[in-house]
Amino acid sequence: TLKPTNQAITSIPNDQTTTTTTLSTFDTMAPGTWEFQFSYGCVFNVRTKPNVNDGTILFTGFDFYTQSTANITFELWTRSGTFKGYKGNFEGWDLIANGTTMGRGVEGGFTPIPADTYTPVSITKGGNIRAFYLTLDTPELLYSLGNGVESDGTAPETTVSDAKFHAETIDLEIWEGEGVLRYPFPNPVEYYYYRIPRQYVGAIHYTIVSQ
């Protein structure tokens, strides 16, 4: 059984009425400008808006984008705080979803992580950070090139990840992360297994609850 550590809220309280919001990266990507690449995984940070302080955000589901139309095996890891300085080692990370599902392919849109394989996690408002690492065991996860990256994947040596967000709602921001070119989570010393910056392509479903 997946049991996230140090989580104040992992379900919606029975006495609260909530509405689910979806943060989709397609909403902020102009058709015709997408530059997709594919590999095993993508690691990135999600931040709450710093000027909104009331309530806690509960992540209730994730969708991802894959070129596969066959059964694929996925893992979704998370940690409170940034992924920077914590790549290549699962210590301090929580596995909140893993299993096998049927990929919907490029034309089918996002592939949802089945609800029965997923354990919700939360983040408080006020500019807090939660990192996510989504990986497949095959190189079929699609993500987009980040800001400043040429269509051939090259970027200036000064380019960094987690420098700006590429999708947002009034509550959340998804920041540019890194593409991961090896399964399960390569040592960052092997820098050639990471591509920066890269943008997670998918959807995050969440609701706002109060403690």
# chains A, B, ... in the order shown; residues from 1 in each chain; ligands from 1
>>> closest_atom_pairs(of="stretch 7-120 of chain A", to="stretch 192-208 of chain A", cutoff="7 Å", atoms="only C-alpha atoms", output="tab-separated table")
residue	atom	partner	partner_atom	distance
A:Thr18	CA	A:Thr207	CA	6.4
A:Thr19	CA	A:Thr207	CA	5.9
A:Thr20	CA	A:Thr207	CA	4.7
A:Thr21	CA	A:Tyr206	CA	5.4
A:Thr22	CA	A:His205	CA	4.4
A:Leu23	CA	A:Ile204	CA	5.1
A:Ser24	CA	A:Ala203	CA	4.2
A:Thr25	CA	A:Val201	CA	5.7
A:Cys42	CA	A:Tyr200	CA	6.4
A:Gly55	CA	A:Ile208	CA	6.3
A:Thr56	CA	A:Ile208	CA	5.6
A:Ile57	CA	A:Ile208	CA	4.6
A:Leu58	CA	A:Thr207	CA	5.4
A:Phe59	CA	A:Tyr206	CA	4.3
A:Thr60	CA	A:Tyr206	CA	5.0
A:Gly61	CA	A:His205	CA	4.9
A:Phe62	CA	A:Ile204	CA	4.8
A:Asp63	CA	A:Ala203	CA	4.9
A:Phe64	CA	A:Gly202	CA	4.3
A:Tyr65	CA	A:Gly202	CA	5.7
A:Phe110	CA	A:Gly202	CA	6.2
>>> select_by_dssp(residues="stretch 23-188 of chain A", states="strand (DSSP E or B)", output="number ranges by chain")
A: 23-24, 36-39, 41-48, 56-64, 66, 71-81, 94-102, 111-112, 118, 121-124, 129-136, 141-145, 165-168, 172-175, 177-180
>>> residues_around(residues="A:Asn45", least_positions_apart="2", cutoff="9 Å", atoms="only C-alpha atoms", output="ChimeraX atom specification")
/A:43,47,81-84,129-133,162,173-177
>>> residues_around(residues="A:Thr73", least_positions_apart="3", cutoff="12 Å", atoms="only C-alpha atoms", output="PyMOL selection string")
chain A and resi 40-41+66+68+70+76+97-103+111+113-114+117+134-141+183-184
>>> closest_residue(among="A:Gln37, A:Asn89, A:Asn128, A:Gln67", to="A:Leu181", atoms="only C-alpha atoms")
A:Gln37
>>> closest_residue(among="A:Gly148, A:Gly108, A:Pro186, A:Gly127", to="A:Pro50", atoms="only C-alpha atoms")
A:Gly127
>>> closest_residue(among="A:Pro120, A:Asn147, A:Arg182, A:Pro112", to="A:Phe165", atoms="only C-alpha atoms")
A:Asn147
>>> atom_distance(atom1="atom CA of A:Val180", atom2="atom CA of A:Ser39")
6.6 Å
>>> atom_distance(atom1="atom CA of A:Glu150", atom2="atom CA of A:Glu107")
24.3 Å
>>> closest_residue(among="A:His166, A:Val189, A:Val52, A:Thr78", to="A:Ser122", atoms="only C-alpha atoms")
A:Thr78
>>> select_by_dssp(residues="stretch 84-194 of chain A", states="helix (DSSP H, G or I)", output="list in words")
Ala115, Asp116, Thr117, Tyr191, Tyr192 and Tyr193 of chain A
>>> write_last_selection(atoms="C-alpha atoms", output="PDB file, in the first residue's frame")
ATOM      1  CA  ALA A 115      -7.474   6.363  -9.682  1.00  0.00           C
ATOM      2  CA  ASP A 116      -7.071   2.996  -7.958  1.00  0.00           C
ATOM      3  CA  THR A 117      -3.284   3.214  -8.368  1.00  0.00           C
ATOM      4  CA  TYR A 191      24.520  14.586 -16.561  1.00  0.00           C
ATOM      5  CA  TYR A 192      24.081  13.327 -20.121  1.00  0.00           C
ATOM      6  CA  TYR A 193      20.977  11.447 -18.952  1.00  0.00           C
TER       7      TYR A 193
END
>>> closest_residue(among="A:Asp171, A:Glu35, A:Asn71, A:Val160", to="A:Thr124", atoms="only C-alpha atoms")
A:Asp171
>>> residues_around(residues="A:Lys87", least_positions_apart="5", cutoff="8 Å", atoms="only C-alpha atoms", output="JSON, numbers by chain")
{"A": [185, 186, 187, 188]}
>>> atom_distance(atom1="atom CA of A:Glu190", atom2="atom CA of A:Gly105")
29.9 Å
